[in-house]
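Student: I am sharing my_file_6.txt, which consists of compact mmCIF, N, CA and C atoms:
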# COMPACT_ATOMS: atom_id res chain seq x y z
N GLN A 1 197.29 -26.82 47.88
CA GLN A 1 197.58 -25.39 48.01
C GLN A 1 196.26 -24.62 48.05
N VAL A 2 196.16 -23.74 49.03
CA VAL A 2 194.94 -22.95 49.19
C VAL A 2 195.08 -21.63 48.45
N GLN A 3 194.04 -21.27 47.74
CA GLN A 3 194.01 -19.97 47.05
C GLN A 3 192.70 -19.27 47.34
N LEU A 4 192.80 -17.97 47.54
CA LEU A 4 191.62 -17.13 47.68
C LEU A 4 191.62 -16.16 46.51
N VAL A 5 190.56 -16.15 45.76
CA VAL A 5 190.48 -15.28 44.58
C VAL A 5 189.37 -14.27 44.80
N GLU A 6 189.76 -13.00 44.80
CA GLU A 6 188.81 -11.91 45.00
C GLU A 6 188.46 -11.26 43.67
N SER A 7 187.28 -10.70 43.62
CA SER A 7 186.86 -9.96 42.44
C SER A 7 185.82 -8.93 42.84
N GLY A 8 185.59 -7.97 41.96
CA GLY A 8 184.52 -7.01 42.18
C GLY A 8 184.97 -5.60 42.52
N GLY A 9 186.25 -5.39 42.71
CA GLY A 9 186.70 -4.05 43.01
C GLY A 9 186.60 -3.15 41.80
N GLY A 10 186.88 -1.87 42.01
CA GLY A 10 186.84 -0.94 40.90
C GLY A 10 186.72 0.49 41.36
N LEU A 11 186.38 1.36 40.41
CA LEU A 11 186.22 2.78 40.66
C LEU A 11 184.73 3.12 40.67
N VAL A 12 184.30 3.83 41.69
CA VAL A 12 182.89 4.19 41.80
C VAL A 12 182.79 5.58 42.41
N GLN A 13 181.73 6.28 42.08
CA GLN A 13 181.51 7.60 42.66
C GLN A 13 180.93 7.47 44.06
N ALA A 14 181.16 8.48 44.84
CA ALA A 14 180.60 8.51 46.19
C ALA A 14 179.08 8.31 46.12
N GLY A 15 178.60 7.48 47.04
CA GLY A 15 177.18 7.16 47.04
C GLY A 15 176.85 5.91 46.26
N GLY A 16 177.79 5.41 45.49
CA GLY A 16 177.57 4.23 44.68
C GLY A 16 177.75 2.94 45.44
N SER A 17 177.66 1.83 44.69
CA SER A 17 177.73 0.50 45.30
C SER A 17 178.70 -0.39 44.53
N LEU A 18 179.25 -1.34 45.25
CA LEU A 18 180.07 -2.39 44.66
C LEU A 18 179.84 -3.67 45.44
N ARG A 19 180.08 -4.79 44.77
CA ARG A 19 179.97 -6.08 45.43
C ARG A 19 181.27 -6.84 45.23
N LEU A 20 181.88 -7.20 46.34
CA LEU A 20 183.12 -7.98 46.31
C LEU A 20 182.80 -9.46 46.52
N SER A 21 183.56 -10.29 45.83
CA SER A 21 183.41 -11.74 46.00
C SER A 21 184.76 -12.35 46.28
N CYS A 22 184.74 -13.42 47.04
CA CYS A 22 185.97 -14.15 47.35
C CYS A 22 185.65 -15.64 47.37
N ALA A 23 186.39 -16.40 46.61
CA ALA A 23 186.19 -17.85 46.57
C ALA A 23 187.48 -18.55 46.96
N ALA A 24 187.35 -19.50 47.87
CA ALA A 24 188.51 -20.28 48.32
C ALA A 24 188.56 -21.60 47.58
N SER A 25 189.75 -21.99 47.20
CA SER A 25 189.91 -23.29 46.54
C SER A 25 191.11 -24.00 47.14
N GLY A 26 191.16 -25.30 46.91
CA GLY A 26 192.27 -26.09 47.45
C GLY A 26 191.84 -26.84 48.68
N MET A 27 192.84 -27.42 49.33
CA MET A 27 192.58 -28.26 50.50
C MET A 27 192.38 -27.36 51.73
N ILE A 28 191.16 -26.91 51.89
CA ILE A 28 190.84 -26.08 53.05
C ILE A 28 189.59 -26.63 53.70
N PHE A 29 189.71 -26.96 54.98
CA PHE A 29 188.60 -27.54 55.70
C PHE A 29 188.50 -26.86 57.06
N SER A 30 187.45 -27.20 57.77
CA SER A 30 187.24 -26.66 59.12
C SER A 30 187.38 -25.15 59.14
N ILE A 31 186.61 -24.50 58.30
CA ILE A 31 186.64 -23.04 58.25
C ILE A 31 185.94 -22.48 59.48
N TYR A 32 186.62 -21.63 60.21
CA TYR A 32 186.04 -20.99 61.38
C TYR A 32 185.24 -19.76 60.96
N ASP A 33 185.89 -18.92 60.19
CA ASP A 33 185.19 -17.74 59.69
C ASP A 33 185.89 -17.20 58.45
N MET A 34 185.17 -16.35 57.74
CA MET A 34 185.71 -15.66 56.57
C MET A 34 185.42 -14.19 56.75
N GLY A 35 186.29 -13.36 56.22
CA GLY A 35 186.08 -11.95 56.43
C GLY A 35 186.77 -11.08 55.40
N TRP A 36 186.48 -9.82 55.50
CA TRP A 36 187.08 -8.80 54.64
C TRP A 36 187.84 -7.80 55.50
N TYR A 37 189.02 -7.48 55.05
CA TYR A 37 189.85 -6.46 55.66
C TYR A 37 190.17 -5.43 54.59
N ARG A 38 190.62 -4.28 55.03
CA ARG A 38 191.03 -3.28 54.06
C ARG A 38 192.24 -2.50 54.58
N GLN A 39 192.99 -1.98 53.63
CA GLN A 39 194.14 -1.16 53.98
C GLN A 39 194.15 0.05 53.07
N GLY A 40 193.86 1.21 53.67
CA GLY A 40 193.87 2.45 52.93
C GLY A 40 195.26 3.03 52.83
N PRO A 41 195.45 4.03 52.00
CA PRO A 41 196.76 4.67 51.84
C PRO A 41 197.29 5.19 53.17
N GLY A 42 198.47 4.75 53.55
CA GLY A 42 199.08 5.21 54.79
C GLY A 42 198.43 4.70 56.06
N LYS A 43 197.57 3.71 55.92
CA LYS A 43 196.86 3.20 57.09
C LYS A 43 197.19 1.74 57.34
N GLN A 44 196.87 1.29 58.55
CA GLN A 44 197.04 -0.12 58.87
C GLN A 44 195.85 -0.93 58.35
N ARG A 45 196.09 -2.19 58.11
CA ARG A 45 195.00 -3.07 57.69
C ARG A 45 194.00 -3.20 58.83
N GLU A 46 192.71 -3.13 58.47
CA GLU A 46 191.68 -3.19 59.50
C GLU A 46 190.56 -4.14 59.07
N LEU A 47 189.90 -4.70 60.05
CA LEU A 47 188.75 -5.57 59.79
C LEU A 47 187.58 -4.72 59.31
N VAL A 48 186.95 -5.18 58.24
CA VAL A 48 185.73 -4.53 57.75
C VAL A 48 184.50 -5.31 58.22
N ALA A 49 184.52 -6.61 57.98
CA ALA A 49 183.39 -7.46 58.37
C ALA A 49 183.84 -8.90 58.35
N SER A 50 183.20 -9.71 59.20
CA SER A 50 183.50 -11.13 59.21
C SER A 50 182.22 -11.91 59.46
N ILE A 51 182.23 -13.16 59.01
CA ILE A 51 181.09 -14.05 59.22
C ILE A 51 181.63 -15.42 59.59
N SER A 52 181.11 -15.97 60.69
CA SER A 52 181.58 -17.27 61.13
C SER A 52 180.82 -18.38 60.41
N SER A 53 181.32 -19.59 60.54
CA SER A 53 180.66 -20.73 59.91
C SER A 53 179.26 -20.93 60.47
N GLY A 54 179.05 -20.43 61.69
CA GLY A 54 177.73 -20.53 62.30
C GLY A 54 176.83 -19.35 61.99
N GLY A 55 177.35 -18.38 61.24
CA GLY A 55 176.52 -17.25 60.83
C GLY A 55 176.65 -16.00 61.67
N ASN A 56 177.54 -16.02 62.67
CA ASN A 56 177.74 -14.80 63.46
C ASN A 56 178.49 -13.76 62.64
N ILE A 57 178.02 -12.53 62.69
CA ILE A 57 178.55 -11.46 61.85
C ILE A 57 179.06 -10.31 62.70
N ASN A 58 180.19 -9.77 62.29
CA ASN A 58 180.74 -8.57 62.90
C ASN A 58 181.05 -7.54 61.84
N TYR A 59 180.81 -6.28 62.17
CA TYR A 59 181.13 -5.18 61.27
C TYR A 59 181.96 -4.13 62.01
N ALA A 60 182.84 -3.49 61.27
CA ALA A 60 183.48 -2.30 61.81
C ALA A 60 182.42 -1.21 61.94
N ASP A 61 182.56 -0.38 62.95
CA ASP A 61 181.57 0.68 63.17
C ASP A 61 181.44 1.58 61.95
N SER A 62 182.53 1.78 61.26
CA SER A 62 182.54 2.71 60.13
C SER A 62 181.71 2.24 58.94
N VAL A 63 181.37 0.95 58.90
CA VAL A 63 180.62 0.43 57.74
C VAL A 63 179.24 -0.09 58.11
N LYS A 64 178.91 -0.08 59.39
CA LYS A 64 177.59 -0.59 59.81
C LYS A 64 176.48 0.19 59.12
N GLY A 65 175.51 -0.54 58.62
CA GLY A 65 174.39 0.08 57.94
C GLY A 65 174.63 0.34 56.46
N ARG A 66 175.88 0.21 56.03
CA ARG A 66 176.21 0.45 54.62
C ARG A 66 176.71 -0.81 53.92
N PHE A 67 177.43 -1.66 54.64
CA PHE A 67 178.00 -2.87 54.05
C PHE A 67 177.26 -4.10 54.60
N THR A 68 177.16 -5.12 53.76
CA THR A 68 176.55 -6.37 54.18
C THR A 68 177.44 -7.53 53.74
N ILE A 69 177.81 -8.37 54.71
CA ILE A 69 178.61 -9.54 54.41
C ILE A 69 177.72 -10.76 54.37
N SER A 70 178.03 -11.67 53.47
CA SER A 70 177.30 -12.93 53.39
C SER A 70 178.27 -14.02 52.97
N GLY A 71 177.89 -15.25 53.23
CA GLY A 71 178.79 -16.35 52.93
C GLY A 71 178.05 -17.56 52.41
N ASP A 72 178.78 -18.41 51.75
CA ASP A 72 178.24 -19.68 51.25
C ASP A 72 179.25 -20.75 51.63
N ASN A 73 178.94 -21.48 52.70
CA ASN A 73 179.89 -22.48 53.20
C ASN A 73 180.18 -23.56 52.16
N ALA A 74 179.15 -23.98 51.46
CA ALA A 74 179.33 -25.05 50.47
C ALA A 74 180.28 -24.63 49.35
N LYS A 75 180.20 -23.36 48.98
CA LYS A 75 181.07 -22.84 47.91
C LYS A 75 182.36 -22.25 48.44
N LYS A 76 182.51 -22.25 49.78
CA LYS A 76 183.68 -21.66 50.41
C LYS A 76 183.88 -20.23 49.88
N SER A 77 182.81 -19.48 49.90
CA SER A 77 182.84 -18.14 49.34
C SER A 77 182.28 -17.14 50.33
N VAL A 78 182.73 -15.91 50.19
CA VAL A 78 182.22 -14.83 51.02
C VAL A 78 182.06 -13.61 50.14
N TYR A 79 181.04 -12.81 50.45
CA TYR A 79 180.71 -11.66 49.63
C TYR A 79 180.58 -10.42 50.51
N LEU A 80 180.83 -9.27 49.91
CA LEU A 80 180.66 -8.02 50.63
C LEU A 80 179.92 -7.04 49.72
N GLN A 81 178.68 -6.77 50.08
CA GLN A 81 177.90 -5.77 49.36
C GLN A 81 178.15 -4.43 50.02
N MET A 82 178.66 -3.49 49.25
CA MET A 82 179.01 -2.18 49.77
C MET A 82 178.11 -1.13 49.12
N SER A 83 177.43 -0.37 49.93
CA SER A 83 176.53 0.67 49.44
C SER A 83 176.87 1.99 50.11
N SER A 84 176.33 3.06 49.55
CA SER A 84 176.59 4.40 50.08
C SER A 84 178.08 4.61 50.32
N LEU A 85 178.85 4.26 49.33
CA LEU A 85 180.31 4.33 49.48
C LEU A 85 180.79 5.76 49.62
N LYS A 86 181.84 5.90 50.42
CA LYS A 86 182.43 7.20 50.71
C LYS A 86 183.89 7.21 50.25
N PRO A 87 184.44 8.37 50.00
CA PRO A 87 185.86 8.41 49.60
C PRO A 87 186.77 7.74 50.62
N GLU A 88 186.41 7.81 51.90
CA GLU A 88 187.24 7.19 52.93
C GLU A 88 187.17 5.66 52.91
N ASP A 89 186.31 5.09 52.09
CA ASP A 89 186.28 3.64 51.91
C ASP A 89 187.34 3.18 50.90
N THR A 90 188.00 4.13 50.26
CA THR A 90 189.04 3.79 49.30
C THR A 90 190.15 3.00 49.98
N ALA A 91 190.45 1.84 49.44
CA ALA A 91 191.44 0.95 50.05
C ALA A 91 191.62 -0.28 49.17
N VAL A 92 192.62 -1.06 49.50
CA VAL A 92 192.73 -2.41 48.96
C VAL A 92 191.98 -3.33 49.93
N TYR A 93 191.06 -4.08 49.41
CA TYR A 93 190.24 -4.98 50.23
C TYR A 93 190.76 -6.41 50.08
N TYR A 94 190.96 -7.04 51.23
CA TYR A 94 191.51 -8.39 51.28
C TYR A 94 190.50 -9.36 51.90
N CYS A 95 190.43 -10.51 51.33
CA CYS A 95 189.63 -11.60 51.89
C CYS A 95 190.53 -12.44 52.79
N LYS A 96 190.01 -12.88 53.90
CA LYS A 96 190.76 -13.73 54.82
C LYS A 96 189.90 -14.90 55.27
N VAL A 97 190.52 -16.06 55.35
CA VAL A 97 189.85 -17.26 55.87
C VAL A 97 190.64 -17.77 57.06
N ARG A 98 189.94 -18.01 58.15
CA ARG A 98 190.54 -18.67 59.32
C ARG A 98 190.04 -20.09 59.37
N SER A 99 190.96 -21.02 59.44
CA SER A 99 190.56 -22.41 59.44
C SER A 99 191.43 -23.20 60.39
N GLY A 100 191.06 -24.45 60.57
CA GLY A 100 191.86 -25.33 61.40
C GLY A 100 193.22 -25.62 60.79
N TYR A 101 193.40 -25.26 59.54
CA TYR A 101 194.65 -25.51 58.85
C TYR A 101 195.49 -24.25 58.70
N GLY A 102 195.00 -23.17 59.30
CA GLY A 102 195.75 -21.93 59.24
C GLY A 102 194.93 -20.79 58.69
N ASN A 103 195.54 -19.63 58.61
CA ASN A 103 194.88 -18.43 58.07
C ASN A 103 195.39 -18.17 56.67
N PHE A 104 194.48 -17.78 55.81
CA PHE A 104 194.83 -17.56 54.40
C PHE A 104 194.29 -16.22 53.94
N TRP A 105 195.07 -15.55 53.09
CA TRP A 105 194.70 -14.23 52.58
C TRP A 105 194.62 -14.25 51.05
N GLY A 106 193.71 -13.43 50.54
CA GLY A 106 193.68 -13.20 49.11
C GLY A 106 194.70 -12.15 48.71
N GLN A 107 194.78 -11.90 47.42
CA GLN A 107 195.79 -10.98 46.91
C GLN A 107 195.34 -9.52 47.01
N GLY A 108 194.08 -9.30 47.28
CA GLY A 108 193.56 -7.95 47.42
C GLY A 108 192.93 -7.43 46.14
N THR A 109 191.92 -6.60 46.32
CA THR A 109 191.27 -5.95 45.18
C THR A 109 191.07 -4.48 45.52
N GLN A 110 191.40 -3.61 44.58
CA GLN A 110 191.36 -2.17 44.83
C GLN A 110 189.94 -1.64 44.70
N VAL A 111 189.55 -0.87 45.69
CA VAL A 111 188.28 -0.13 45.65
C VAL A 111 188.62 1.34 45.76
N THR A 112 188.20 2.12 44.78
CA THR A 112 188.45 3.55 44.78
C THR A 112 187.12 4.28 44.67
N VAL A 113 186.88 5.17 45.62
CA VAL A 113 185.64 5.94 45.65
C VAL A 113 185.98 7.40 45.40
N SER A 114 185.47 7.94 44.32
CA SER A 114 185.76 9.33 43.98
C SER A 114 184.68 10.25 44.55
N SER A 115 185.10 11.44 44.90
CA SER A 115 184.15 12.40 45.49
C SER A 115 183.47 13.25 44.43
Could you write out this file's structure as structure tokens?

Tutor:
Amino acid sequence: QVQLVESGGGLVQAGGSLRLSCAASGMIFSIYDMGWYRQGPGKQRELVASISSGGNINYADSVKGRFTISGDNAKKSVYLQMSSLKPEDTAVYYCKVRSGYGNFWGQGTQVTVSS
């Protein structure tokens, strides 16, 4: 059974920083990429950033220059360093893994940015 465990969410003031972590456990192999998505109040889930097993990185335009994604293939982990946070970054952040065995999601971690 595959599990993704996220941590690092919380409440922060605008302009502050948070670091999210996600660790995958269980029988998961052939990881194509890992990424972070978010879903704000009344909004659809959207891609924030992703990193492939080969190191290719994509960011949503709204977070470029403020967020940094990194990964550790050996630990099957992915991280999201978020800086210069804005109230519009408030959302539940989800970790996702795409692999040859299917796609897996974490349970989500709440990030709230106060103005």

Student: Mind pulling up the distance from atom N of Trp36 in chain A to atom C of Val48 in chain A?

Tutor: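 So the two atoms, atom C of Val48 in chain A and atom N of Trp36 in chain A, lie 5.6 Å apart.
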
Student: Residues proximal to (178.2, -11.7, 56.2) were defined as those with any atom within 7 Å of that point in the file's coordinates, counting only C-alpha atoms. Which are they, as an NGL selection string?

Tutor: :A and (50-51 or 57 or 68-71)

Student: Could you name the residues that touch range 89-91 of chain A at 6.5 Å or less, counting all atoms listed in the file, but leaving out those on the same chain fewer than 3 positions away, as a PDB file with N, CA and C atoms, in the frame of the given file?

Tutor:
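Output file result.pdb follows:
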ATOM      1  N   ARG A  38     190.620  -4.280  55.030  1.00  0.00           N
ATOM      2  CA  ARG A  38     191.030  -3.280  54.060  1.00  0.00           C
ATOM      3  C   ARG A  38     192.240  -2.500  54.580  1.00  0.00           C
ATOM      4  N   GLN A  39     192.990  -1.980  53.630  1.00  0.00           N
ATOM      5  CA  GLN A  39     194.140  -1.160  53.980  1.00  0.00           C
ATOM      6  C   GLN A  39     194.150   0.050  53.070  1.00  0.00           C
ATOM      7  N   GLY A  40     193.860   1.210  53.670  1.00  0.00           N
ATOM      8  CA  GLY A  40     193.870   2.450  52.930  1.00  0.00           C
ATOM      9  C   GLY A  40     195.260   3.030  52.830  1.00  0.00           C
ATOM     10  N   PRO A  41     195.450   4.030  52.000  1.00  0.00           N
ATOM     11  CA  PRO A  41     196.760   4.670  51.840  1.00  0.00           C
ATOM     12  C   PRO A  41     197.290   5.190  53.170  1.00  0.00           C
ATOM     13  N   LEU A  85     178.850   4.260  49.330  1.00  0.00           N
ATOM     14  CA  LEU A  85     180.310   4.330  49.480  1.00  0.00           C
ATOM     15  C   LEU A  85     180.790   5.760  49.620  1.00  0.00           C
ATOM     16  N   LYS A  86     181.840   5.900  50.420  1.00  0.00           N
ATOM     17  CA  LYS A  86     182.430   7.200  50.710  1.00  0.00           C
ATOM     18  C   LYS A  86     183.890   7.210  50.250  1.00  0.00           C
ATOM     19  N   THR A 109     191.920  -6.600  46.320  1.00  0.00           N
ATOM     20  CA  THR A 109     191.270  -5.950  45.180  1.00  0.00           C
ATOM     21  C   THR A 109     191.070  -4.480  45.520  1.00  0.00           C
ATOM     22  N   GLN A 110     191.400  -3.610  44.580  1.00  0.00           N
ATOM     23  CA  GLN A 110     191.360  -2.170  44.830  1.00  0.00           C
ATOM     24  C   GLN A 110     189.940  -1.640  44.700  1.00  0.00           C
ATOM     25  N   VAL A 111     189.550  -0.870  45.690  1.00  0.00           N
ATOM     26  CA  VAL A 111     188.280  -0.130  45.650  1.00  0.00           C
ATOM     27  C   VAL A 111     188.620   1.340  45.760  1.00  0.00           C
ATOM     28  N   THR A 112     188.200   2.120  44.780  1.00  0.00           N
ATOM     29  CA  THR A 112     188.450   3.550  44.780  1.00  0.00           C
ATOM     30  C   THR A 112     187.120   4.280  44.670  1.00  0.00           C
ATOM     31  N   VAL A 113     186.880   5.170  45.620  1.00  0.00           N
ATOM     32  CA  VAL A 113     185.640   5.940  45.650  1.00  0.00           C
ATOM     33  C   VAL A 113     185.980   7.400  45.400  1.00  0.00           C
TER      34      VAL A 113
END

Student: Mind listing the strand (DSSP E or B) residues of chain A, per DSSP on the backbone, as a PyMOL selection string?

Tutor: chain A and resi 3-7+10-13+18-25+31-39+46-52+57-59+67-72+77-82+91-99+102-105+109-114

Student: How many Å lie between atom C of Ser25 in chain A and atom C of Leu4 in chain A, rounded to one decimal?

Tutor: 7.9 Å
